[in-house]
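Trainee: Got final-v3.cif for you, mmCIF, C-alpha atoms:
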```cif
data_query
loop_
_atom_site.label_atom_id
_atom_site.label_comp_id
_atom_site.auth_asym_id
_atom_site.auth_seq_id
_atom_site.Cartn_x
_atom_site.Cartn_y
_atom_site.Cartn_z
CA MET Q 1 -11.21 20.42 17.11
CA SER Q 2 -13.57 17.76 15.86
CA ASN Q 3 -16.08 15.41 17.35
CA ILE Q 4 -15.36 11.90 16.20
CA THR Q 5 -17.78 9.06 16.78
CA PHE Q 6 -17.01 5.40 16.28
CA LYS Q 7 -17.84 1.99 17.65
CA LEU Q 8 -15.21 0.76 20.09
CA ASN Q 9 -15.40 -2.84 21.25
CA GLY Q 10 -19.13 -2.89 20.54
CA GLU Q 11 -20.07 0.45 22.12
CA MET Q 12 -20.56 3.82 20.44
CA VAL Q 13 -18.03 6.35 21.70
CA SER Q 14 -17.32 10.00 20.93
CA VAL Q 15 -14.01 11.79 21.18
CA GLU Q 16 -13.80 15.56 21.13
CA GLY Q 17 -10.35 16.66 20.10
CA ASN Q 18 -7.59 16.97 17.57
CA PRO Q 19 -8.41 14.71 14.61
CA GLY Q 20 -4.70 14.40 13.89
CA VAL Q 21 -3.88 12.25 16.91
CA ARG Q 22 -2.98 8.64 16.37
CA LEU Q 23 -5.62 6.04 17.12
CA LEU Q 24 -2.94 4.26 19.19
CA ASP Q 25 -2.69 7.21 21.60
CA VAL Q 26 -6.45 7.67 21.84
CA LEU Q 27 -6.97 4.00 22.71
CA ARG Q 28 -4.16 3.84 25.25
CA ASN Q 29 -4.53 7.27 26.87
CA GLU Q 30 -8.23 8.12 26.63
CA PHE Q 31 -9.70 4.64 26.87
CA LYS Q 32 -6.90 2.96 28.87
CA LEU Q 33 -6.82 0.07 26.43
CA THR Q 34 -3.18 -0.83 26.93
CA GLY Q 35 -3.21 -4.25 25.30
CA ILE Q 36 -1.88 -2.61 22.17
CA LYS Q 37 1.73 -1.51 22.34
CA GLU Q 38 3.81 1.00 20.49
CA GLY Q 39 6.75 -0.78 18.94
CA CYS Q 40 8.21 0.92 15.88
CA GLY Q 41 5.63 3.70 15.57
CA GLU Q 42 5.77 3.58 11.80
CA GLY Q 43 3.61 0.66 10.74
CA GLU Q 44 6.28 -1.98 10.48
CA CYS Q 45 5.99 -4.16 13.59
CA GLY Q 46 2.28 -4.77 14.22
CA ALA Q 47 2.44 -4.47 18.04
CA CYS Q 48 -0.30 -1.80 17.91
CA ALA Q 49 -2.63 -3.80 15.63
CA VAL Q 50 -6.40 -3.46 16.03
CA LEU Q 51 -9.34 -4.40 13.83
CA LEU Q 52 -10.92 -1.61 11.79
CA ASP Q 53 -14.18 -2.88 10.31
CA HIS Q 54 -12.95 -6.44 11.07
CA LYS Q 55 -9.63 -5.98 9.26
CA ILE Q 56 -6.19 -5.56 10.77
CA VAL Q 57 -4.66 -2.07 10.79
CA ASN Q 58 -1.75 -0.56 12.70
CA SER Q 59 -3.22 1.94 15.16
CA CYS Q 60 0.04 3.96 15.04
CA SER Q 61 -0.62 4.60 11.35
CA VAL Q 62 -4.27 5.63 11.59
CA VAL Q 63 -5.35 9.12 12.63
CA LEU Q 64 -8.46 9.59 14.72
CA ALA Q 65 -10.10 11.47 11.79
CA ASN Q 66 -10.11 8.34 9.67
CA VAL Q 67 -12.04 6.17 12.15
CA ASP Q 68 -15.04 8.51 12.19
CA GLY Q 69 -18.11 6.33 11.60
CA HIS Q 70 -16.15 3.07 11.67
CA GLU Q 71 -15.81 0.14 14.03
CA ILE Q 72 -12.69 -0.56 16.09
CA MET Q 73 -12.04 -3.77 18.00
CA THR Q 74 -9.02 -4.08 20.28
CA ILE Q 75 -7.68 -7.19 21.97
CA GLU Q 76 -9.70 -6.20 25.09
CA GLY Q 77 -12.95 -6.35 23.12
CA PHE Q 78 -11.97 -9.45 21.21
CA LYS Q 79 -11.11 -11.43 24.34
CA ASN Q 80 -14.76 -12.07 25.14
CA SER Q 81 -15.27 -14.15 22.04
CA LYS Q 82 -15.05 -17.88 21.40
CA LYS Q 83 -12.65 -17.17 18.53
CA TYR Q 84 -10.30 -15.47 20.97
CA GLN Q 85 -10.32 -18.53 23.24
CA ILE Q 86 -9.39 -20.77 20.34
CA ILE Q 87 -6.53 -18.48 19.30
CA ARG Q 88 -5.32 -18.06 22.90
CA ASP Q 89 -5.26 -21.82 23.45
CA SER Q 90 -3.52 -22.50 20.14
CA PHE Q 91 -0.82 -19.93 20.94
CA GLY Q 92 -0.37 -21.57 24.34
CA HIS Q 93 -0.15 -25.09 22.96
CA ALA Q 94 2.29 -24.09 20.24
CA GLY Q 95 4.53 -22.18 22.66
CA ALA Q 96 4.07 -19.09 20.52
CA VAL Q 97 4.26 -16.60 23.40
CA GLN Q 98 7.35 -15.56 25.31
CA CYS Q 99 7.66 -11.93 26.45
CA GLY Q 100 4.16 -11.17 25.17
CA PHE Q 101 4.83 -7.72 23.73
CA CYS Q 102 3.87 -8.72 20.20
CA THR Q 103 1.14 -11.16 21.22
CA PRO Q 104 -1.96 -8.89 21.14
CA GLY Q 105 -0.95 -7.87 17.61
CA MET Q 106 -0.31 -11.48 16.62
CA VAL Q 107 -3.75 -12.49 17.92
CA ILE Q 108 -5.40 -9.64 16.00
CA ALA Q 109 -3.47 -10.62 12.84
CA THR Q 110 -4.63 -14.23 13.29
CA GLU Q 111 -8.25 -13.15 13.65
CA SER Q 112 -8.04 -10.86 10.60
CA LEU Q 113 -6.45 -13.60 8.51
CA LEU Q 114 -8.93 -16.32 9.54
CA ASN Q 115 -11.85 -13.93 8.94
CA GLU Q 116 -10.72 -13.59 5.38
CA ASN Q 117 -9.44 -17.12 4.88
CA PRO Q 118 -10.59 -19.75 7.43
CA SER Q 119 -8.20 -22.43 6.13
CA PRO Q 120 -4.96 -20.73 5.13
CA THR Q 121 -1.97 -22.63 3.75
CA GLU Q 122 1.40 -22.14 5.40
CA ASP Q 123 2.36 -19.57 2.75
CA GLU Q 124 -0.90 -17.71 3.27
CA ILE Q 125 -0.25 -17.69 7.03
CA LYS Q 126 3.21 -16.22 6.43
CA ILE Q 127 1.70 -13.47 4.26
CA GLY Q 128 -1.11 -12.85 6.76
CA MET Q 129 1.37 -12.48 9.63
CA SER Q 130 4.02 -10.66 7.58
CA GLY Q 131 3.42 -7.28 9.21
CA ASN Q 132 3.94 -8.55 12.76
CA LEU Q 133 7.38 -8.90 14.26
CA CYS Q 134 8.34 -11.13 17.20
CA ARG Q 135 11.83 -11.03 18.68
CA CYS Q 136 11.48 -13.96 21.11
CA THR Q 137 10.04 -17.18 19.82
CA GLY Q 138 10.99 -17.33 16.19
CA TYR Q 139 8.11 -17.51 13.79
CA GLN Q 140 7.69 -21.25 13.41
CA SER Q 141 5.70 -21.64 16.63
CA ILE Q 142 3.49 -18.69 15.66
CA ILE Q 143 2.77 -20.21 12.26
CA GLU Q 144 1.96 -23.49 14.07
CA ALA Q 145 -0.40 -21.62 16.39
CA VAL Q 146 -2.30 -20.03 13.51
CA LYS Q 147 -2.55 -23.38 11.75
CA ARG Q 148 -3.87 -24.97 14.93
CA ALA Q 149 -6.38 -22.18 15.52
CA SER Q 150 -7.66 -22.65 11.99
CA GLU Q 151 -8.13 -26.40 12.60
CA ASP Q 152 -9.52 -26.15 16.14
CA GLY Q 153 -11.85 -23.32 15.21
CA ASP Q 154 -13.25 -25.19 12.27
CA GLY Q 155 -16.63 -23.68 11.43
CA LEU Q 156 -16.16 -20.61 13.64
CA TRP Q 157 -14.58 -18.48 10.93
CA MET U 1 -2.65 23.83 15.46
CA VAL U 2 -3.32 24.03 11.74
CA GLU U 3 -6.84 23.75 10.38
CA GLN U 4 -7.95 20.13 10.00
CA ILE U 5 -11.16 19.24 8.21
CA ILE U 6 -12.84 15.87 7.81
CA VAL U 7 -14.81 15.74 4.57
CA LYS U 8 -17.39 13.13 3.64
CA SER U 9 -18.22 14.11 0.08
CA LEU U 10 -16.25 14.93 -3.04
CA THR U 11 -18.05 18.25 -3.54
CA GLU U 12 -17.15 19.31 -0.02
CA ALA U 13 -13.51 18.34 -0.60
CA LEU U 14 -13.30 20.24 -3.90
CA GLU U 15 -14.98 23.31 -2.40
CA ARG U 16 -12.41 23.38 0.38
CA LEU U 17 -9.56 22.94 -2.10
CA SER U 18 -10.88 25.86 -4.18
CA GLN U 19 -10.39 28.11 -1.16
CA LYS U 20 -6.91 27.21 0.06
CA LYS U 21 -4.04 24.75 -0.08
CA TYR U 22 -4.50 21.61 1.98
CA ILE U 23 -2.53 18.43 2.55
CA ILE U 24 -4.85 15.81 1.05
CA TYR U 25 -4.92 12.96 3.54
CA ALA U 26 -6.20 9.56 2.37
CA GLY U 27 -4.99 6.44 4.22
CA GLY U 28 -2.11 8.53 5.55
CA THR U 29 0.36 5.68 6.03
CA ASP U 30 3.15 7.77 4.46
CA LEU U 31 2.04 11.17 5.76
CA ILE U 32 1.88 10.01 9.36
CA VAL U 33 5.43 8.65 9.27
CA GLN U 34 6.77 11.71 7.41
CA ASN U 35 5.19 14.23 9.82
CA ARG U 36 5.27 12.58 13.24
CA THR U 37 7.69 13.84 15.87
CA VAL U 38 7.36 12.25 19.30
CA SER U 39 5.13 9.48 20.63
CA GLU U 40 1.71 10.51 21.90
CA ALA U 41 1.85 13.99 20.35
CA PRO U 42 -0.71 14.88 17.67
CA ILE U 43 0.89 14.84 14.23
CA PRO U 44 2.29 18.39 13.81
CA PHE U 45 1.22 19.04 10.23
CA LYS U 46 2.72 22.20 8.74
CA ASN U 47 -0.20 22.93 6.42
CA PRO U 48 -3.97 22.61 6.79
CA VAL U 49 -5.17 19.02 6.38
CA LEU U 50 -8.17 17.66 4.50
CA TYR U 51 -9.05 14.15 5.69
CA CYS U 52 -10.62 12.40 2.70
CA ALA U 53 -10.52 8.69 3.59
CA ASN U 54 -14.24 8.72 4.39
CA VAL U 55 -15.33 10.10 1.02
CA ASN U 56 -17.11 6.86 0.19
CA GLU U 57 -18.09 7.90 -3.32
CA LEU U 58 -14.38 7.58 -4.22
CA LYS U 59 -14.16 3.97 -3.02
CA TYR U 60 -14.76 1.78 -6.08
CA VAL U 61 -13.28 -0.35 -8.83
CA LYS U 62 -15.32 -0.29 -12.06
CA GLU U 63 -14.67 -2.28 -15.16
CA GLY U 64 -15.57 -0.78 -18.55
CA ASP U 65 -15.05 -2.23 -22.02
CA ASP U 66 -11.61 -0.72 -22.48
CA TYR U 67 -10.61 0.67 -19.09
CA ILE U 68 -10.55 -0.09 -15.37
CA TYR U 69 -11.59 2.86 -13.17
CA ILE U 70 -10.24 3.02 -9.63
CA GLY U 71 -11.65 5.57 -7.17
CA ALA U 72 -9.04 7.53 -5.25
CA MET U 73 -10.00 6.27 -1.78
CA THR U 74 -9.86 2.59 -2.79
CA THR U 75 -7.40 0.73 -0.56
CA LEU U 76 -4.66 -1.55 -1.78
CA SER U 77 -6.44 -4.52 -0.13
CA GLU U 78 -9.65 -3.73 -2.01
CA LEU U 79 -7.64 -3.71 -5.25
CA LEU U 80 -6.04 -7.06 -4.39
CA ASP U 81 -9.49 -8.55 -3.82
CA HIS U 82 -11.05 -7.19 -7.02
CA HIS U 83 -11.19 -9.39 -10.11
CA ALA U 84 -10.78 -6.47 -12.52
CA THR U 85 -7.47 -5.23 -11.08
CA PRO U 86 -4.72 -5.91 -13.66
CA LEU U 87 -2.50 -8.81 -12.57
CA LEU U 88 0.68 -6.81 -13.03
CA LEU U 89 -0.60 -4.24 -10.54
CA LYS U 90 -1.72 -7.01 -8.16
CA GLN U 91 1.76 -8.52 -8.23
CA ALA U 92 3.18 -5.20 -7.05
CA ILE U 93 0.53 -4.64 -4.37
CA GLU U 94 1.02 -8.15 -2.96
CA VAL U 95 4.54 -7.22 -1.89
CA MET U 96 3.79 -3.69 -0.70
CA ALA U 97 4.11 -3.27 3.08
CA SER U 98 1.86 -5.68 5.01
CA PRO U 99 -1.86 -6.56 5.21
CA ALA U 100 -2.37 -3.98 8.00
CA ILE U 101 -0.97 -1.17 5.85
CA ARG U 102 -2.68 -2.38 2.67
CA ASN U 103 -6.01 -2.25 4.51
CA ILE U 104 -5.77 1.55 4.81
CA ALA U 105 -3.24 2.72 2.21
CA THR U 106 -4.67 3.82 -1.12
CA LEU U 107 -3.37 3.59 -4.69
CA ALA U 108 -4.00 7.31 -5.24
CA GLY U 109 -2.05 8.04 -2.04
CA ASN U 110 0.95 6.12 -3.34
CA ILE U 111 0.73 8.25 -6.50
CA GLY U 112 0.24 11.54 -4.63
CA ASN U 113 3.18 10.77 -2.33
CA ALA U 114 5.33 10.73 -5.49
CA SER U 115 8.21 8.77 -4.02
CA PRO U 116 10.77 7.56 -6.57
CA ALA U 117 10.42 4.19 -4.82
CA GLY U 118 6.60 4.09 -4.85
CA ASP U 119 5.99 0.46 -5.72
CA SER U 120 2.60 0.79 -7.42
CA LEU U 121 3.92 3.49 -9.77
CA VAL U 122 6.12 1.07 -11.68
CA PRO U 123 3.31 -1.19 -12.97
CA LEU U 124 1.10 1.87 -13.50
CA TYR U 125 3.74 3.33 -15.87
CA THR U 126 3.93 0.02 -17.75
CA LEU U 127 0.12 -0.15 -17.95
CA ASN U 128 -0.14 3.42 -19.37
CA ALA U 129 -2.33 4.54 -16.47
CA LEU U 130 -4.06 7.92 -16.54
CA ILE U 131 -4.47 10.10 -13.47
CA LYS U 132 -7.69 12.07 -13.14
CA CYS U 133 -7.06 15.42 -11.45
CA GLN U 134 -10.21 17.22 -10.46
CA SER U 135 -10.94 20.72 -9.20
CA LEU U 136 -14.30 22.31 -8.44
CA LYS U 137 -14.50 23.68 -11.97
CA ALA U 138 -12.79 21.14 -14.20
CA SER U 139 -11.06 17.81 -14.47
CA LYS U 140 -8.19 16.61 -16.58
CA LEU U 141 -6.63 13.25 -17.40
CA ILE U 142 -2.85 13.13 -17.25
CA PRO U 143 -0.77 10.17 -18.49
CA ILE U 144 1.21 8.94 -15.49
CA GLN U 145 4.62 9.75 -16.96
CA ASP U 146 3.52 13.40 -17.33
CA PHE U 147 2.01 13.50 -13.84
CA PHE U 148 5.43 13.31 -12.18
CA VAL U 149 7.46 16.38 -12.97
CA GLY U 150 10.48 16.12 -10.68
CA PHE U 151 11.67 14.75 -7.36
CA LYS U 152 8.51 14.29 -5.28
CA LYS U 153 6.79 16.81 -7.56
CA THR U 154 3.53 16.26 -9.40
CA ALA U 155 1.44 18.18 -11.91
CA LEU U 156 -1.39 18.48 -9.37
CA SER U 157 -2.33 22.09 -8.60
CA ASP U 158 -3.38 23.27 -5.13
CA SER U 159 -7.07 23.33 -6.09
CA GLU U 160 -7.04 19.78 -7.46
CA MET U 161 -7.08 16.29 -6.03
CA ILE U 162 -6.61 12.89 -7.62
CA THR U 163 -10.10 11.43 -7.89
CA GLU U 164 -9.55 8.42 -10.12
CA VAL U 165 -6.88 6.22 -11.65
CA ILE U 166 -7.78 4.87 -15.08
CA ILE U 167 -5.97 1.85 -16.50
CA PRO U 168 -6.40 0.71 -20.11
CA LYS U 169 -7.20 -2.98 -20.42
CA ASN U 170 -4.03 -4.42 -21.87
CA HIS U 171 -3.53 -7.86 -23.38
CA PHE U 172 0.08 -8.90 -23.15
CA THR U 173 1.75 -12.16 -24.21
CA ASN U 174 3.69 -11.97 -20.97
CA PHE U 175 4.48 -9.57 -18.14
CA SER U 176 6.66 -9.52 -15.08
CA TYR U 177 6.92 -7.54 -11.84
CA ARG U 178 10.02 -7.78 -9.69
CA LYS U 179 10.82 -6.00 -6.46
CA VAL U 180 14.28 -6.18 -4.93
CA GLY U 181 14.13 -5.27 -1.25
CA THR U 182 15.74 -6.29 2.02
CA ARG U 183 12.87 -8.52 3.08
CA LYS U 184 9.60 -9.69 1.58
CA ALA U 185 7.25 -7.60 3.72
CA ASP U 186 7.41 -4.03 5.00
CA ALA U 187 10.45 -3.19 2.89
CA LEU U 188 11.04 -0.24 0.60
CA SER U 189 12.47 -1.11 -2.79
CA LYS U 190 16.12 -0.95 -3.73
CA VAL U 191 14.97 -1.44 -7.33
CA SER U 192 11.60 -2.39 -8.78
CA PHE U 193 10.74 -3.49 -12.30
CA ALA U 194 7.60 -3.96 -14.38
CA GLY U 195 7.92 -5.29 -17.90
CA ALA U 196 5.34 -6.42 -20.48
CA TYR U 197 5.42 -7.49 -24.08
CA SER U 198 3.26 -8.84 -26.87
CA ILE U 199 4.45 -11.01 -29.72
CA VAL U 200 2.35 -11.76 -32.79
CA HIS U 201 3.67 -14.14 -35.47
CA ASP U 202 7.15 -14.05 -33.93
CA LYS U 203 7.23 -10.23 -34.17
CA ILE U 204 7.33 -8.00 -31.12
CA CYS U 205 4.38 -5.62 -31.38
CA ASP U 206 4.50 -4.21 -27.85
CA PHE U 207 7.41 -3.90 -25.43
CA ARG U 208 7.41 -1.93 -22.18
CA ILE U 209 9.81 -1.61 -19.27
CA SER U 210 9.51 0.61 -16.19
CA LEU U 211 12.13 0.86 -13.46
CA GLY U 212 11.59 2.27 -9.97
CA ALA U 213 13.95 3.66 -7.29
CA VAL U 214 16.73 4.36 -9.80
CA ASN U 215 15.97 7.99 -10.67
CA ILE U 216 13.93 10.92 -9.34
CA ASN U 217 10.87 9.48 -11.07
CA VAL U 218 10.08 6.06 -12.49
CA VAL U 219 12.05 5.47 -15.70
CA ARG U 220 10.08 4.52 -18.81
CA ARG U 221 11.73 5.10 -22.18
CA PHE U 222 9.37 4.95 -25.14
CA ASP U 223 12.27 5.60 -27.53
CA ILE U 224 14.17 2.51 -26.36
CA GLU U 225 11.01 0.40 -26.50
CA ALA U 226 10.40 1.55 -30.11
CA LYS U 227 13.73 0.02 -31.19
CA LEU U 228 12.35 -3.45 -30.45
CA ILE U 229 8.95 -3.05 -32.08
CA GLY U 230 8.70 -5.10 -35.27
CA LYS U 231 11.76 -7.19 -34.40
CA THR U 232 11.74 -10.97 -34.12
CA VAL U 233 12.64 -12.59 -30.81
CA SER U 234 16.07 -13.62 -32.09
CA GLN U 235 16.76 -10.11 -33.42
CA ALA U 236 15.74 -8.67 -30.06
CA ARG U 237 18.04 -11.03 -28.19
CA LYS U 238 20.97 -9.92 -30.36
CA MET U 239 20.18 -6.32 -29.40
CA LYS U 240 20.17 -7.12 -25.69
CA ASP U 241 23.49 -5.48 -24.74
CA GLN U 242 22.63 -2.35 -26.70
CA ILE U 243 19.19 -2.11 -25.06
CA VAL U 244 20.59 -2.69 -21.57
CA ASP U 245 23.21 0.06 -22.12
CA LEU U 246 20.53 2.50 -23.26
CA TYR U 247 18.53 1.87 -20.10
CA LEU U 248 21.61 2.16 -17.90
CA SER U 249 22.35 5.55 -19.43
CA SER U 250 18.89 6.75 -18.43
CA ILE U 251 19.04 5.77 -14.76
CA LYS U 252 20.67 7.79 -12.00
CA PRO U 253 20.60 5.62 -8.89
CA ILE U 254 21.78 7.02 -5.58
CA ASN U 255 23.53 5.79 -2.45
CA ASP U 256 21.16 5.78 0.52
CA GLN U 257 20.35 3.73 3.62
CA ARG U 258 18.73 1.03 1.48
CA SER U 259 21.26 0.43 -1.25
CA ASN U 260 24.01 1.96 -3.36
CA ILE U 261 24.71 3.04 -6.93
CA GLU U 262 26.69 -0.06 -7.90
CA TYR U 263 24.12 -2.54 -6.59
CA ARG U 264 21.16 -0.68 -8.10
CA THR U 265 22.91 -0.46 -11.46
CA GLU U 266 23.84 -4.14 -11.48
CA ILE U 267 20.34 -5.22 -10.47
CA SER U 268 18.73 -3.00 -13.11
CA LYS U 269 20.99 -4.54 -15.73
CA ASN U 270 20.16 -8.08 -14.58
CA LEU U 271 16.40 -7.43 -14.48
CA ILE U 272 16.35 -5.97 -18.01
CA SER U 273 18.61 -8.76 -19.37
CA ALA U 274 16.47 -11.47 -17.79
CA PHE U 275 13.33 -9.88 -19.19
CA ILE U 276 14.74 -9.79 -22.74
CA ASP U 277 15.89 -13.42 -22.30
CA SER U 278 12.32 -14.31 -21.35
CA LEU U 279 10.88 -13.10 -24.69
CA ASP U 280 9.12 -16.07 -26.22
#
```
Go ahead and express the file in the form of structure tokens.
Mentor:
Amino acid sequence: MSNITFKLNGEMVSVEGNPGVRLLDVLRNEFKLTGIKEGCGEGECGACAVLLDHKIVNSCSVVLANVDGHEIMTIEGFKNSKKYQIIRDSFGHAGAVQCGFCTPGMVIATESLLNENPSPTEDEIKIGMSGNLCRCTGYQSIIEAVKRASEDGDGLW
Amino acid sequence: MVEQIIVKSLTEALERLSQKKYIIYAGGTDLIVQNRTVSEAPIPFKNPVLYCANVNELKYVKEGDDYIYIGAMTTLSELLDHHATPLLLKQAIEVMASPAIRNIATLAGNIGNASPAGDSLVPLYTLNALIKCQSLKASKLIPIQDFFVGFKKTALSDSEMITEVIIPKNHFTNFSYRKVGTRKADALSKVSFAGAYSIVHDKICDFRISLGAVNINVVRRFDIEAKLIGKTVSQARKMKDQIVDLYLSSIKPINDQRSNIEYRTEISKNLISAFIDSLD
């Protein structure tokens, strides 16, 4: 058993337990943060994406041990920000949401990409979103949404 | 539950390793998939685990006069962002997995995992990388082709861990990385290729090819490369069929869920042919 301390959505938290549990399960079961979803469970679909030190990671592929001393932001923490509002609106306008299962991951991927590159080209958007699968809308509307968020959020990132 | 230890310093990690055998866990993106069973259950590791991702002293890229030094806990994203990372290696990393995986996966982890399809291994063979294996008492540098000693087997002993990857600074006339997979992101290779050459006064003075996912370890054949050293470009082109045949005799591709023997053989042949055609 280990005691693991990290910042979760801006607050310091401690978890006493098995360090070999997946961050995904800790967030969903211990903290009831159910915005993230388990899709493939092996790091290929991005439905469980969160930000680790402001960068996208798949929470199904991270053990609790590895977040010790780090900062995790989930979609629930991110939703209070102006950046989130821009991304939410751009996804709405572009029609980039249908069933919604992939959407929290897509929003996190957008935030991570724009943090690194506030004005990505279409190719850079495709690379930035390449780890996130959507089975409903097709990807064109999602690429449009990211492009729009980058334009509408000019100066924010 | 097996023993699981989080270490924060290299000394602590090496002390633990001197006492017993541990699974050395870095980013863990392969280990978690290989060991998981059912959703929501802790990963049921079969051996004690040493979590090393937070050993910050092993997170670095340093550039010396002749070598690049990469700390074992450096992530693939950090390597992509660093100016000193060799371009051939960057080309391979760019098409490994996805940004989310690259943000936690490490280069040393890809080496330690020792998969025949490990994408970073192919450029590392071509670049003559050295693997630093360290124990509490000593450290040794092993050329990458000697580090892999069989299917998923490495020369690392139980008391050692990879602490650094050292890459000589190479100056090639041209180089090329190619990955053939089912899709651009999140795909494992059917075949991967890293070639490099140097030509001075129309004579080939350096020629290197490494092929991945076509044998139990990456294939690099110094003896075949030597046949082209000192040759002119036109002489080398005339030797193309002979060279391709030599490489094909040294690969042993398999049928699996990703590809088959025929396809892997044909692709290997085409990649080598195209690379020889590109000599200029």
Trainee: With a distance threshold of 10 Å and counting all atoms listed in the file, extract the residues of chain Q near chain U and express them as a PDB file with C-alpha atoms, in the coordinates of the input.
Mentor:
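As written to disk, selection-v3.pdb reads:
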```
ATOM      1  CA  MET Q   1     -11.210  20.420  17.110  1.00  0.00           C
ATOM      2  CA  SER Q   2     -13.570  17.760  15.860  1.00  0.00           C
ATOM      3  CA  ILE Q   4     -15.360  11.900  16.200  1.00  0.00           C
ATOM      4  CA  ASN Q  18      -7.590  16.970  17.570  1.00  0.00           C
ATOM      5  CA  PRO Q  19      -8.410  14.710  14.610  1.00  0.00           C
ATOM      6  CA  GLY Q  20      -4.700  14.400  13.890  1.00  0.00           C
ATOM      7  CA  VAL Q  21      -3.880  12.250  16.910  1.00  0.00           C
ATOM      8  CA  ARG Q  22      -2.980   8.640  16.370  1.00  0.00           C
ATOM      9  CA  LEU Q  23      -5.620   6.040  17.120  1.00  0.00           C
ATOM     10  CA  LEU Q  24      -2.940   4.260  19.190  1.00  0.00           C
ATOM     11  CA  ASP Q  25      -2.690   7.210  21.600  1.00  0.00           C
ATOM     12  CA  VAL Q  26      -6.450   7.670  21.840  1.00  0.00           C
ATOM     13  CA  ARG Q  28      -4.160   3.840  25.250  1.00  0.00           C
ATOM     14  CA  ASN Q  29      -4.530   7.270  26.870  1.00  0.00           C
ATOM     15  CA  GLU Q  38       3.810   1.000  20.490  1.00  0.00           C
ATOM     16  CA  GLY Q  41       5.630   3.700  15.570  1.00  0.00           C
ATOM     17  CA  GLU Q  42       5.770   3.580  11.800  1.00  0.00           C
ATOM     18  CA  GLY Q  43       3.610   0.660  10.740  1.00  0.00           C
ATOM     19  CA  GLU Q  44       6.280  -1.980  10.480  1.00  0.00           C
ATOM     20  CA  CYS Q  45       5.990  -4.160  13.590  1.00  0.00           C
ATOM     21  CA  GLY Q  46       2.280  -4.770  14.220  1.00  0.00           C
ATOM     22  CA  ALA Q  49      -2.630  -3.800  15.630  1.00  0.00           C
ATOM     23  CA  VAL Q  50      -6.400  -3.460  16.030  1.00  0.00           C
ATOM     24  CA  LEU Q  51      -9.340  -4.400  13.830  1.00  0.00           C
ATOM     25  CA  LEU Q  52     -10.920  -1.610  11.790  1.00  0.00           C
ATOM     26  CA  LYS Q  55      -9.630  -5.980   9.260  1.00  0.00           C
ATOM     27  CA  ILE Q  56      -6.190  -5.560  10.770  1.00  0.00           C
ATOM     28  CA  VAL Q  57      -4.660  -2.070  10.790  1.00  0.00           C
ATOM     29  CA  ASN Q  58      -1.750  -0.560  12.700  1.00  0.00           C
ATOM     30  CA  SER Q  59      -3.220   1.940  15.160  1.00  0.00           C
ATOM     31  CA  CYS Q  60       0.040   3.960  15.040  1.00  0.00           C
ATOM     32  CA  SER Q  61      -0.620   4.600  11.350  1.00  0.00           C
ATOM     33  CA  VAL Q  62      -4.270   5.630  11.590  1.00  0.00           C
ATOM     34  CA  VAL Q  63      -5.350   9.120  12.630  1.00  0.00           C
ATOM     35  CA  LEU Q  64      -8.460   9.590  14.720  1.00  0.00           C
ATOM     36  CA  ALA Q  65     -10.100  11.470  11.790  1.00  0.00           C
ATOM     37  CA  ASN Q  66     -10.110   8.340   9.670  1.00  0.00           C
ATOM     38  CA  VAL Q  67     -12.040   6.170  12.150  1.00  0.00           C
ATOM     39  CA  ASP Q  68     -15.040   8.510  12.190  1.00  0.00           C
ATOM     40  CA  GLY Q  69     -18.110   6.330  11.600  1.00  0.00           C
ATOM     41  CA  HIS Q  70     -16.150   3.070  11.670  1.00  0.00           C
ATOM     42  CA  ALA Q 109      -3.470 -10.620  12.840  1.00  0.00           C
ATOM     43  CA  SER Q 112      -8.040 -10.860  10.600  1.00  0.00           C
ATOM     44  CA  LEU Q 113      -6.450 -13.600   8.510  1.00  0.00           C
ATOM     45  CA  LYS Q 126       3.210 -16.220   6.430  1.00  0.00           C
ATOM     46  CA  ILE Q 127       1.700 -13.470   4.260  1.00  0.00           C
ATOM     47  CA  GLY Q 128      -1.110 -12.850   6.760  1.00  0.00           C
ATOM     48  CA  MET Q 129       1.370 -12.480   9.630  1.00  0.00           C
ATOM     49  CA  SER Q 130       4.020 -10.660   7.580  1.00  0.00           C
ATOM     50  CA  GLY Q 131       3.420  -7.280   9.210  1.00  0.00           C
ATOM     51  CA  ASN Q 132       3.940  -8.550  12.760  1.00  0.00           C
TER      52      ASN Q 132
END
```
Trainee: Quick one: residues within 12 Å of Tyr84 in chain Q, only C-alpha atoms counted, chain neighbours fewer than 3 positions away excluded, as an MDAnalysis selection string?
Mentor: chainID Q and resid 74:81 87:91 104 106:112 114 146 149:150 152:153 156:157
Trainee: For the provided coordinates, the residues matched by the PyMOL selection byres ((chain U and resi 74) around 12) should be stated as a ChimeraX atom specification.
Mentor: /U:26-27,52-62,69-73,75-82,85,102-110,162-165
Trainee: So, with only C-alpha atoms as the atoms that count, which of U:Ala114, U:Leu279, U:Val214, U:Ile24 lies closest to Leu248 in chain U?
Mentor: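 Smallest separation from Leu248 in chain U among the options: U:Val214.
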Trainee: Have a look at CA of Gln91 in chain U and CA of Gly64 in chain U and let me know their distance in Å, one decimal.
Mentor: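 Taking CA of Gln91 in chain U as the start and CA of Gly64 in chain U as the end point, the length is 21.6 Å.
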Trainee: Find the spatial neighbours of Gly100 in chain Q, counting only C-alpha atoms, within a cut-off of 10 Å - ignore same-chain residues fewer than 4 positions away - and output them as a PyMOL selection string.
Mentor: chain Q and resi 47+96+104-106+134+136-137
